[in-house]
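*Asks:* The following file, work_0.txt, comprises compact mmCIF, N, CA, C and O atoms and all ligand atoms:
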# COMPACT_ATOMS: atom_id res chain seq x y z
N MET P 1 0.84 -1.21 0.00
CA MET P 1 0.00 0.00 0.00
C MET P 1 0.87 1.26 0.00
O MET P 1 0.72 2.14 -0.82
N ALA P 2 1.86 1.28 0.88
CA ALA P 2 2.72 2.45 0.97
C ALA P 2 3.53 2.63 -0.31
O ALA P 2 3.70 3.75 -0.78
N LEU P 3 4.05 1.53 -0.87
CA LEU P 3 4.84 1.62 -2.10
C LEU P 3 4.00 2.13 -3.26
O LEU P 3 4.44 2.92 -4.07
N TRP P 4 2.81 1.65 -3.32
CA TRP P 4 1.92 2.05 -4.41
C TRP P 4 1.66 3.55 -4.37
O TRP P 4 1.67 4.24 -5.38
N ARG P 5 1.52 4.05 -3.16
CA ARG P 5 1.24 5.48 -3.03
C ARG P 5 2.48 6.31 -3.39
O ARG P 5 2.36 7.39 -3.94
N GLU P 6 3.65 5.77 -3.09
CA GLU P 6 4.86 6.51 -3.44
C GLU P 6 5.04 6.61 -4.94
O GLU P 6 5.55 7.60 -5.45
N ARG P 7 4.61 5.55 -5.64
CA ARG P 7 4.77 5.55 -7.09
C ARG P 7 3.78 6.51 -7.75
O ARG P 7 4.11 7.14 -8.75
N THR P 8 2.63 6.63 -7.22
CA THR P 8 1.66 7.51 -7.86
C THR P 8 1.84 8.96 -7.41
O THR P 8 1.37 9.87 -8.07
N GLY P 9 2.54 9.14 -6.33
CA GLY P 9 2.71 10.49 -5.77
C GLY P 9 3.28 11.49 -6.75
O GLY P 9 2.74 12.59 -6.89
N PRO P 10 4.39 11.14 -7.43
CA PRO P 10 5.05 12.13 -8.31
C PRO P 10 4.16 12.68 -9.41
O PRO P 10 4.51 13.67 -10.05
N ALA P 11 3.04 12.05 -9.64
CA ALA P 11 2.16 12.50 -10.73
C ALA P 11 1.75 13.96 -10.55
O ALA P 11 1.61 14.69 -11.52
N ASP P 12 1.62 14.40 -9.30
CA ASP P 12 1.18 15.79 -9.11
C ASP P 12 2.29 16.67 -8.53
O ASP P 12 2.03 17.72 -8.01
N HIS P 13 3.54 16.20 -8.65
CA HIS P 13 4.61 16.99 -8.03
C HIS P 13 4.87 18.28 -8.80
O HIS P 13 5.40 19.22 -8.26
N GLY P 14 4.50 18.30 -10.07
CA GLY P 14 4.78 19.48 -10.88
C GLY P 14 3.71 20.54 -10.75
O GLY P 14 3.77 21.55 -11.43
N CYS P 15 2.79 20.28 -9.88
CA CYS P 15 1.68 21.20 -9.78
C CYS P 15 2.02 22.34 -8.84
O CYS P 15 1.87 22.23 -7.63
N ILE P 16 2.52 23.43 -9.36
CA ILE P 16 2.84 24.60 -8.54
C ILE P 16 1.92 25.73 -8.96
O ILE P 16 1.89 26.14 -10.12
N ILE P 17 1.19 26.17 -8.02
CA ILE P 17 0.24 27.25 -8.32
C ILE P 17 0.76 28.55 -7.74
O ILE P 17 1.03 28.65 -6.54
N ILE P 18 0.96 29.51 -8.59
CA ILE P 18 1.36 30.84 -8.13
C ILE P 18 0.17 31.77 -8.27
O ILE P 18 -0.41 31.90 -9.36
N PHE P 19 -0.19 32.36 -7.20
CA PHE P 19 -1.34 33.27 -7.26
C PHE P 19 -1.05 34.51 -6.45
O PHE P 19 -0.26 34.51 -5.52
N LEU P 20 -1.65 35.57 -6.84
CA LEU P 20 -1.49 36.83 -6.16
C LEU P 20 -2.78 37.19 -5.44
O LEU P 20 -3.86 37.03 -5.99
N ILE P 21 -2.63 37.63 -4.25
CA ILE P 21 -3.81 38.03 -3.49
C ILE P 21 -3.90 39.55 -3.51
O ILE P 21 -2.94 40.25 -3.18
N ALA P 22 -5.00 40.04 -3.95
CA ALA P 22 -5.22 41.47 -3.96
C ALA P 22 -5.77 41.90 -2.60
O ALA P 22 -6.89 41.57 -2.26
N PRO P 23 -4.96 42.59 -1.81
CA PRO P 23 -5.44 42.96 -0.46
C PRO P 23 -6.50 44.05 -0.50
O PRO P 23 -7.33 44.13 0.38
N SER P 24 -6.45 44.89 -1.48
CA SER P 24 -7.43 45.98 -1.52
C SER P 24 -7.40 46.62 -2.88
O SER P 24 -6.65 46.21 -3.77
N GLU P 25 -8.21 47.61 -3.06
CA GLU P 25 -8.22 48.32 -4.33
C GLU P 25 -6.93 49.10 -4.55
O GLU P 25 -6.64 49.56 -5.64
N MET P 26 -6.13 49.25 -3.49
CA MET P 26 -4.85 49.95 -3.58
C MET P 26 -3.88 49.21 -4.51
O MET P 26 -2.91 49.78 -4.97
N THR P 27 -4.16 47.95 -4.78
CA THR P 27 -3.23 47.13 -5.56
C THR P 27 -2.96 47.72 -6.93
O THR P 27 -1.88 47.61 -7.46
N SER P 28 -3.96 48.37 -7.49
CA SER P 28 -3.80 48.90 -8.83
C SER P 28 -2.72 49.97 -8.87
O SER P 28 -2.13 50.22 -9.91
N GLY P 29 -2.45 50.60 -7.74
CA GLY P 29 -1.46 51.65 -7.70
C GLY P 29 -2.07 53.01 -7.92
O GLY P 29 -1.70 53.97 -7.27
N THR P 30 -3.02 53.07 -8.81
CA THR P 30 -3.61 54.36 -9.15
C THR P 30 -4.33 54.98 -7.95
O THR P 30 -4.15 56.15 -7.64
N ALA P 31 -5.10 54.18 -7.28
CA ALA P 31 -5.84 54.69 -6.12
C ALA P 31 -4.86 55.14 -5.04
O ALA P 31 -5.04 56.19 -4.43
N PHE P 32 -3.84 54.35 -4.85
CA PHE P 32 -2.82 54.71 -3.85
C PHE P 32 -2.15 56.03 -4.23
O PHE P 32 -2.00 56.92 -3.40
N ASP P 33 -1.77 56.14 -5.50
CA ASP P 33 -1.10 57.36 -5.97
C ASP P 33 -1.99 58.58 -5.77
O ASP P 33 -1.54 59.60 -5.25
N ASN P 34 -3.23 58.44 -6.18
CA ASN P 34 -4.14 59.58 -6.05
C ASN P 34 -4.30 59.99 -4.60
O ASN P 34 -4.31 61.18 -4.27
N TYR P 35 -4.39 59.01 -3.76
CA TYR P 35 -4.56 59.24 -2.34
C TYR P 35 -3.35 59.99 -1.78
O TYR P 35 -3.48 60.99 -1.07
N ALA P 36 -2.17 59.52 -2.16
CA ALA P 36 -0.94 60.13 -1.66
C ALA P 36 -0.77 61.54 -2.20
O ALA P 36 -0.35 62.45 -1.47
N LEU P 37 -1.11 61.73 -3.46
CA LEU P 37 -0.92 63.05 -4.08
C LEU P 37 -1.91 64.06 -3.54
O LEU P 37 -1.61 65.26 -3.47
N THR P 38 -3.07 63.59 -3.15
CA THR P 38 -4.05 64.51 -2.55
C THR P 38 -3.48 65.12 -1.28
O THR P 38 -3.72 66.31 -0.99
N ALA P 39 -2.72 64.34 -0.54
CA ALA P 39 -2.12 64.85 0.69
C ALA P 39 -1.14 65.98 0.39
O ALA P 39 -1.06 66.97 1.12
N LEU P 40 -0.38 65.84 -0.69
CA LEU P 40 0.56 66.90 -1.07
C LEU P 40 -0.19 68.14 -1.54
O LEU P 40 0.23 69.27 -1.28
N ARG P 41 -1.29 67.90 -2.21
CA ARG P 41 -2.06 69.00 -2.79
C ARG P 41 -2.64 69.90 -1.71
O ARG P 41 -2.91 71.08 -1.94
N ALA P 42 -2.82 69.33 -0.53
CA ALA P 42 -3.39 70.11 0.57
C ALA P 42 -2.43 71.21 1.02
O ALA P 42 -2.84 72.19 1.64
N HIS P 43 -1.15 71.04 0.72
CA HIS P 43 -0.14 72.03 1.12
C HIS P 43 0.79 72.31 -0.05
O HIS P 43 1.96 71.93 -0.03
N PRO P 44 0.29 72.96 -1.08
CA PRO P 44 1.10 73.19 -2.27
C PRO P 44 2.35 74.02 -1.97
O PRO P 44 2.30 74.96 -1.17
N GLY P 45 3.45 73.62 -2.58
CA GLY P 45 4.69 74.36 -2.41
C GLY P 45 5.46 73.99 -1.15
O GLY P 45 6.58 74.45 -0.96
N GLN P 46 4.87 73.19 -0.29
CA GLN P 46 5.54 72.79 0.95
C GLN P 46 6.27 71.46 0.72
O GLN P 46 5.68 70.50 0.23
N TRP P 47 7.52 71.44 1.10
CA TRP P 47 8.25 70.18 1.01
C TRP P 47 7.73 69.21 2.07
O TRP P 47 7.45 69.62 3.20
N HIS P 48 7.64 67.97 1.70
CA HIS P 48 7.21 66.91 2.62
C HIS P 48 8.28 65.83 2.67
O HIS P 48 8.65 65.29 1.62
N CYS P 49 8.78 65.54 3.86
CA CYS P 49 9.63 64.36 3.99
C CYS P 49 8.72 63.13 4.00
O CYS P 49 7.50 63.26 4.12
N LEU P 50 9.30 61.97 3.85
CA LEU P 50 8.47 60.77 3.76
C LEU P 50 7.57 60.57 4.98
O LEU P 50 6.39 60.27 4.82
N PRO P 51 8.10 60.71 6.19
CA PRO P 51 7.21 60.52 7.36
C PRO P 51 6.05 61.50 7.39
O PRO P 51 4.93 61.14 7.72
N CYS P 52 6.32 62.77 7.03
CA CYS P 52 5.25 63.77 7.02
C CYS P 52 4.23 63.45 5.93
O CYS P 52 3.03 63.59 6.13
N TRP P 53 4.73 63.05 4.79
CA TRP P 53 3.86 62.71 3.67
C TRP P 53 2.96 61.54 4.06
O TRP P 53 1.74 61.58 3.87
N ALA P 54 3.57 60.54 4.64
CA ALA P 54 2.80 59.36 5.06
C ALA P 54 1.76 59.73 6.11
O ALA P 54 0.62 59.29 6.06
N ARG P 55 2.17 60.59 7.05
CA ARG P 55 1.24 60.98 8.11
C ARG P 55 0.10 61.80 7.53
O ARG P 55 -1.07 61.61 7.87
N GLU P 56 0.46 62.71 6.63
CA GLU P 56 -0.54 63.57 6.01
C GLU P 56 -1.56 62.75 5.23
O GLU P 56 -2.75 63.06 5.21
N ALA P 57 -1.07 61.69 4.58
CA ALA P 57 -1.95 60.86 3.77
C ALA P 57 -2.64 59.79 4.61
O ALA P 57 -3.51 59.08 4.10
N GLY P 58 -2.23 59.66 5.86
CA GLY P 58 -2.83 58.63 6.71
C GLY P 58 -2.37 57.23 6.35
O GLY P 58 -3.08 56.25 6.56
N LEU P 59 -1.17 57.14 5.76
CA LEU P 59 -0.62 55.85 5.37
C LEU P 59 0.46 55.46 6.38
O LEU P 59 1.56 55.97 6.34
N ASN P 60 0.10 54.59 7.29
CA ASN P 60 1.01 54.30 8.39
C ASN P 60 1.71 52.96 8.30
O ASN P 60 2.61 52.68 9.07
N ALA P 61 1.30 52.12 7.36
CA ALA P 61 1.92 50.81 7.24
C ALA P 61 3.34 50.94 6.70
O ALA P 61 3.59 51.80 5.85
N PRO P 62 4.25 50.12 7.20
CA PRO P 62 5.64 50.21 6.72
C PRO P 62 5.75 50.05 5.21
O PRO P 62 6.57 50.73 4.58
N GLU P 63 4.94 49.20 4.60
CA GLU P 63 5.05 49.00 3.16
C GLU P 63 4.56 50.23 2.41
O GLU P 63 4.94 50.47 1.27
N ASP P 64 3.71 51.03 3.05
CA ASP P 64 3.25 52.25 2.39
C ASP P 64 4.39 53.25 2.21
O ASP P 64 4.43 53.97 1.22
N THR P 65 5.29 53.29 3.17
CA THR P 65 6.45 54.19 3.03
C THR P 65 7.26 53.81 1.81
O THR P 65 7.72 54.67 1.06
N GLY P 66 7.41 52.52 1.59
CA GLY P 66 8.13 52.05 0.41
C GLY P 66 7.41 52.44 -0.86
O GLY P 66 8.04 52.81 -1.86
N ARG P 67 6.09 52.38 -0.82
CA ARG P 67 5.31 52.74 -2.00
C ARG P 67 5.40 54.24 -2.25
O ARG P 67 5.44 54.67 -3.40
N LEU P 68 5.40 55.02 -1.18
CA LEU P 68 5.54 56.47 -1.34
C LEU P 68 6.90 56.78 -1.96
O LEU P 68 7.03 57.67 -2.80
N ARG P 69 7.91 56.05 -1.52
CA ARG P 69 9.26 56.27 -2.04
C ARG P 69 9.29 55.98 -3.54
O ARG P 69 9.90 56.72 -4.32
N MET P 70 8.63 54.90 -3.93
CA MET P 70 8.58 54.56 -5.35
C MET P 70 7.79 55.59 -6.14
O MET P 70 8.15 55.97 -7.24
N LEU P 71 6.70 56.03 -5.53
CA LEU P 71 5.88 57.06 -6.17
C LEU P 71 6.70 58.33 -6.35
O LEU P 71 6.65 58.97 -7.41
N ALA P 72 7.46 58.69 -5.34
CA ALA P 72 8.30 59.88 -5.42
C ALA P 72 9.28 59.76 -6.59
O ALA P 72 9.54 60.74 -7.29
N GLY P 73 9.79 58.56 -6.80
CA GLY P 73 10.70 58.34 -7.92
C GLY P 73 10.03 58.63 -9.25
O GLY P 73 10.65 59.16 -10.17
N ARG P 74 8.74 58.32 -9.33
CA ARG P 74 8.01 58.60 -10.58
C ARG P 74 7.67 60.08 -10.68
O ARG P 74 7.60 60.62 -11.78
N LEU P 75 7.46 60.73 -9.55
CA LEU P 75 7.10 62.15 -9.56
C LEU P 75 8.20 63.00 -10.15
O LEU P 75 7.97 64.11 -10.63
N ARG P 76 9.41 62.50 -10.05
CA ARG P 76 10.57 63.20 -10.59
C ARG P 76 10.32 63.64 -12.03
O ARG P 76 10.82 64.65 -12.48
N PHE P 77 9.52 62.83 -12.73
CA PHE P 77 9.30 63.11 -14.15
C PHE P 77 7.97 63.81 -14.41
O PHE P 77 7.58 64.01 -15.53
N SER P 78 7.30 64.16 -13.35
CA SER P 78 6.02 64.82 -13.55
C SER P 78 6.21 66.34 -13.52
O SER P 78 7.15 66.85 -12.93
N ARG P 79 5.28 67.03 -14.13
CA ARG P 79 5.40 68.47 -14.20
C ARG P 79 4.80 69.13 -12.96
O ARG P 79 5.16 70.23 -12.60
N GLU P 80 3.86 68.45 -12.35
CA GLU P 80 3.13 69.05 -11.23
C GLU P 80 3.88 68.96 -9.91
O GLU P 80 3.56 69.67 -8.97
N HIS P 81 4.86 68.06 -9.87
CA HIS P 81 5.51 67.82 -8.58
C HIS P 81 7.02 67.97 -8.69
O HIS P 81 7.59 67.81 -9.75
N GLU P 82 7.60 68.26 -7.55
CA GLU P 82 9.04 68.40 -7.50
C GLU P 82 9.61 67.41 -6.49
O GLU P 82 8.96 67.08 -5.50
N LEU P 83 10.80 66.99 -6.76
CA LEU P 83 11.47 66.04 -5.88
C LEU P 83 12.90 66.52 -5.64
O LEU P 83 13.55 67.00 -6.56
N THR P 84 13.32 66.43 -4.42
CA THR P 84 14.71 66.73 -4.13
C THR P 84 15.24 65.70 -3.15
O THR P 84 14.48 64.95 -2.54
N ARG P 85 16.56 65.66 -3.02
CA ARG P 85 17.16 64.65 -2.16
C ARG P 85 17.71 65.26 -0.87
O ARG P 85 18.17 64.55 -0.01
N ALA P 86 17.66 66.56 -0.77
CA ALA P 86 18.20 67.20 0.43
C ALA P 86 17.52 68.54 0.64
O ALA P 86 17.19 69.24 -0.32
N GLY P 87 17.31 68.90 1.89
CA GLY P 87 16.67 70.17 2.20
C GLY P 87 15.91 70.05 3.51
O GLY P 87 16.05 69.07 4.23
N PHE P 88 15.12 71.08 3.78
CA PHE P 88 14.34 71.08 5.01
C PHE P 88 12.89 70.73 4.71
O PHE P 88 12.31 71.27 3.77
N CYS P 89 12.35 69.85 5.51
CA CYS P 89 10.95 69.49 5.38
C CYS P 89 10.12 70.70 5.80
O CYS P 89 10.35 71.29 6.86
N GLY P 90 9.16 71.07 4.96
CA GLY P 90 8.32 72.22 5.26
C GLY P 90 7.31 71.95 6.37
O GLY P 90 6.71 72.88 6.89
N ARG P 91 7.11 70.71 6.71
CA ARG P 91 6.12 70.37 7.72
C ARG P 91 6.72 70.19 9.10
O ARG P 91 6.23 70.72 10.07
N CYS P 92 7.78 69.42 9.20
CA CYS P 92 8.35 69.14 10.52
C CYS P 92 9.68 69.85 10.72
O CYS P 92 10.22 69.85 11.83
N GLY P 93 10.22 70.45 9.65
CA GLY P 93 11.45 71.19 9.79
C GLY P 93 12.71 70.36 9.83
O GLY P 93 13.80 70.89 10.01
N THR P 94 12.55 69.06 9.68
CA THR P 94 13.72 68.18 9.72
C THR P 94 14.61 68.41 8.51
O THR P 94 14.13 68.59 7.40
N MET P 95 15.90 68.43 8.74
CA MET P 95 16.86 68.52 7.66
C MET P 95 17.01 67.15 7.03
O MET P 95 17.40 66.19 7.69
N ILE P 96 16.67 67.06 5.76
CA ILE P 96 16.73 65.78 5.05
C ILE P 96 17.98 65.75 4.19
O ILE P 96 18.29 66.71 3.49
N LYS P 97 18.66 64.64 4.28
CA LYS P 97 19.85 64.45 3.45
C LYS P 97 19.81 63.05 2.88
O LYS P 97 19.63 62.09 3.62
N ASP P 98 19.97 62.94 1.58
CA ASP P 98 19.94 61.64 0.92
C ASP P 98 18.65 60.88 1.17
O ASP P 98 18.67 59.67 1.41
N ASP P 99 17.56 61.60 1.19
CA ASP P 99 16.27 60.94 1.22
C ASP P 99 15.31 61.76 0.38
O ASP P 99 15.73 62.68 -0.31
N VAL P 100 14.06 61.43 0.49
CA VAL P 100 13.08 62.03 -0.42
C VAL P 100 12.37 63.21 0.21
O VAL P 100 11.92 63.15 1.35
N LEU P 101 12.32 64.30 -0.52
CA LEU P 101 11.46 65.43 -0.20
C LEU P 101 10.62 65.70 -1.45
O LEU P 101 11.16 65.84 -2.53
N VAL P 102 9.33 65.77 -1.28
CA VAL P 102 8.47 66.04 -2.44
C VAL P 102 7.53 67.18 -2.12
O VAL P 102 7.21 67.45 -0.97
N ARG P 103 7.10 67.85 -3.17
CA ARG P 103 6.07 68.87 -3.00
C ARG P 103 5.31 69.03 -4.31
O ARG P 103 5.80 68.67 -5.39
N GLU P 104 4.13 69.57 -4.15
CA GLU P 104 3.39 69.94 -5.34
C GLU P 104 3.86 71.32 -5.74
O GLU P 104 3.89 72.24 -4.93
N GLY P 105 4.26 71.45 -6.97
CA GLY P 105 4.82 72.71 -7.43
C GLY P 105 3.79 73.81 -7.45
O GLY P 105 2.62 73.58 -7.74
N GLY P 106 4.20 75.01 -7.13
CA GLY P 106 3.26 76.13 -7.15
C GLY P 106 3.34 76.89 -8.45
O GLY P 106 4.16 76.65 -9.29
ZN ZN W 201 8.73 66.22 7.73
Please re-express this file's structure in structure tokens.
*Replies:*
Amino acid sequence: MALWRERTGPADHGCIIIFLIAPSEMTSGTAFDNYALTALRAHPGQWHCLPCWAREAGLNAPEDTGRLRMLAGRLRFSREHELTRAGFCGRCGTMIKDDVLVREGG
């Protein structure tokens, strides 16, 4: 009985299912982006460091900070927003060096 089962076992060994779980509508990216950019829009011309941006947008999960960072990288090429790597945060006054500061351009 045991041997028979071992012989038939390999028949399904190649069955690997890869699936993605969508945790929320944020998965599309667009909703997340819009949400994050709305927070910047509330204070046009003000530099936001990542923690301030996240707090302003109400995005407190650690992975959200990573997403904001990626979004900031894309904003570099947008006309409406500015990105810098060093300066003073307009919200908390922290001196930022080698990190992200973003603002909606005035
Ligand atoms: Zn700040």
*Asks:* Give as a PyMOL selection string the residues surrounding ligand ZN 201 (chain W) up to a distance of 4.5 Å, considering only N, CA, C and O atoms and all ligand atoms.
*Replies:* chain P and resi 49+52+92
*Asks:* Between P:Leu101, P:Ala39, P:Gly93, P:Gln46, which residue has the minimum interatomic distance to Leu75 of chain P, considering only C-alpha atoms?
*Replies:* P:Leu101
*Asks:* Identify, on the basis of only N, CA, C and O atoms, every residue whose closest approach to Thr38 of chain P does not exceed 7 Å; exclude the query and any residue fewer than 5 positions from it along the same chain; express the result as a PyMOL selection string.
*Replies:* chain P and resi 32-33+43+56-57
*Asks:* Kindly give the distance, in Å, that separates atom O of Pro44 of chain P and atom C of Ala61 of chain P, rounded to a single decimal.
*Replies:*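 Rounded to one decimal, the two atoms are 25.3 Å apart.
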*Asks:* Would you pick out the contacts of Trp47 of chain P at 8 Å or less, using all atoms listed in the file, so that residues sharing its chain but fewer than 5 positions from it are not included, and give the list as a ChimeraX atom specification?
*Replies:* /P:40,52-53,82,88-94,100-104
*Asks:* Could the residues in this selection be saved with N, CA, C and O atoms as a compact mmCIF listing (two decimals), in the frame of the given file?
*Replies:*
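Result written to again-v1.txt:
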# COMPACT_ATOMS: atom_id res chain seq x y z
N LEU P 40 -0.38 65.84 -0.69
CA LEU P 40 0.56 66.90 -1.07
C LEU P 40 -0.19 68.14 -1.54
O LEU P 40 0.23 69.27 -1.28
N CYS P 52 6.32 62.77 7.03
CA CYS P 52 5.25 63.77 7.02
C CYS P 52 4.23 63.45 5.93
O CYS P 52 3.03 63.59 6.13
N TRP P 53 4.73 63.05 4.79
CA TRP P 53 3.86 62.71 3.67
C TRP P 53 2.96 61.54 4.06
O TRP P 53 1.74 61.58 3.87
N GLU P 82 7.60 68.26 -7.55
CA GLU P 82 9.04 68.40 -7.50
C GLU P 82 9.61 67.41 -6.49
O GLU P 82 8.96 67.08 -5.50
N PHE P 88 15.12 71.08 3.78
CA PHE P 88 14.34 71.08 5.01
C PHE P 88 12.89 70.73 4.71
O PHE P 88 12.31 71.27 3.77
N CYS P 89 12.35 69.85 5.51
CA CYS P 89 10.95 69.49 5.38
C CYS P 89 10.12 70.70 5.80
O CYS P 89 10.35 71.29 6.86
N GLY P 90 9.16 71.07 4.96
CA GLY P 90 8.32 72.22 5.26
C GLY P 90 7.31 71.95 6.37
O GLY P 90 6.71 72.88 6.89
N ARG P 91 7.11 70.71 6.71
CA ARG P 91 6.12 70.37 7.72
C ARG P 91 6.72 70.19 9.10
O ARG P 91 6.23 70.72 10.07
N CYS P 92 7.78 69.42 9.20
CA CYS P 92 8.35 69.14 10.52
C CYS P 92 9.68 69.85 10.72
O CYS P 92 10.22 69.85 11.83
N GLY P 93 10.22 70.45 9.65
CA GLY P 93 11.45 71.19 9.79
C GLY P 93 12.71 70.36 9.83
O GLY P 93 13.80 70.89 10.01
N THR P 94 12.55 69.06 9.68
CA THR P 94 13.72 68.18 9.72
C THR P 94 14.61 68.41 8.51
O THR P 94 14.13 68.59 7.40
N VAL P 100 14.06 61.43 0.49
CA VAL P 100 13.08 62.03 -0.42
C VAL P 100 12.37 63.21 0.21
O VAL P 100 11.92 63.15 1.35
N LEU P 101 12.32 64.30 -0.52
CA LEU P 101 11.46 65.43 -0.20
C LEU P 101 10.62 65.70 -1.45
O LEU P 101 11.16 65.84 -2.53
N VAL P 102 9.33 65.77 -1.28
CA VAL P 102 8.47 66.04 -2.44
C VAL P 102 7.53 67.18 -2.12
O VAL P 102 7.21 67.45 -0.97
N ARG P 103 7.10 67.85 -3.17
CA ARG P 103 6.07 68.87 -3.00
C ARG P 103 5.31 69.03 -4.31
O ARG P 103 5.80 68.67 -5.39
N GLU P 104 4.13 69.57 -4.15
CA GLU P 104 3.39 69.94 -5.34
C GLU P 104 3.86 71.32 -5.74
O GLU P 104 3.89 72.24 -4.93
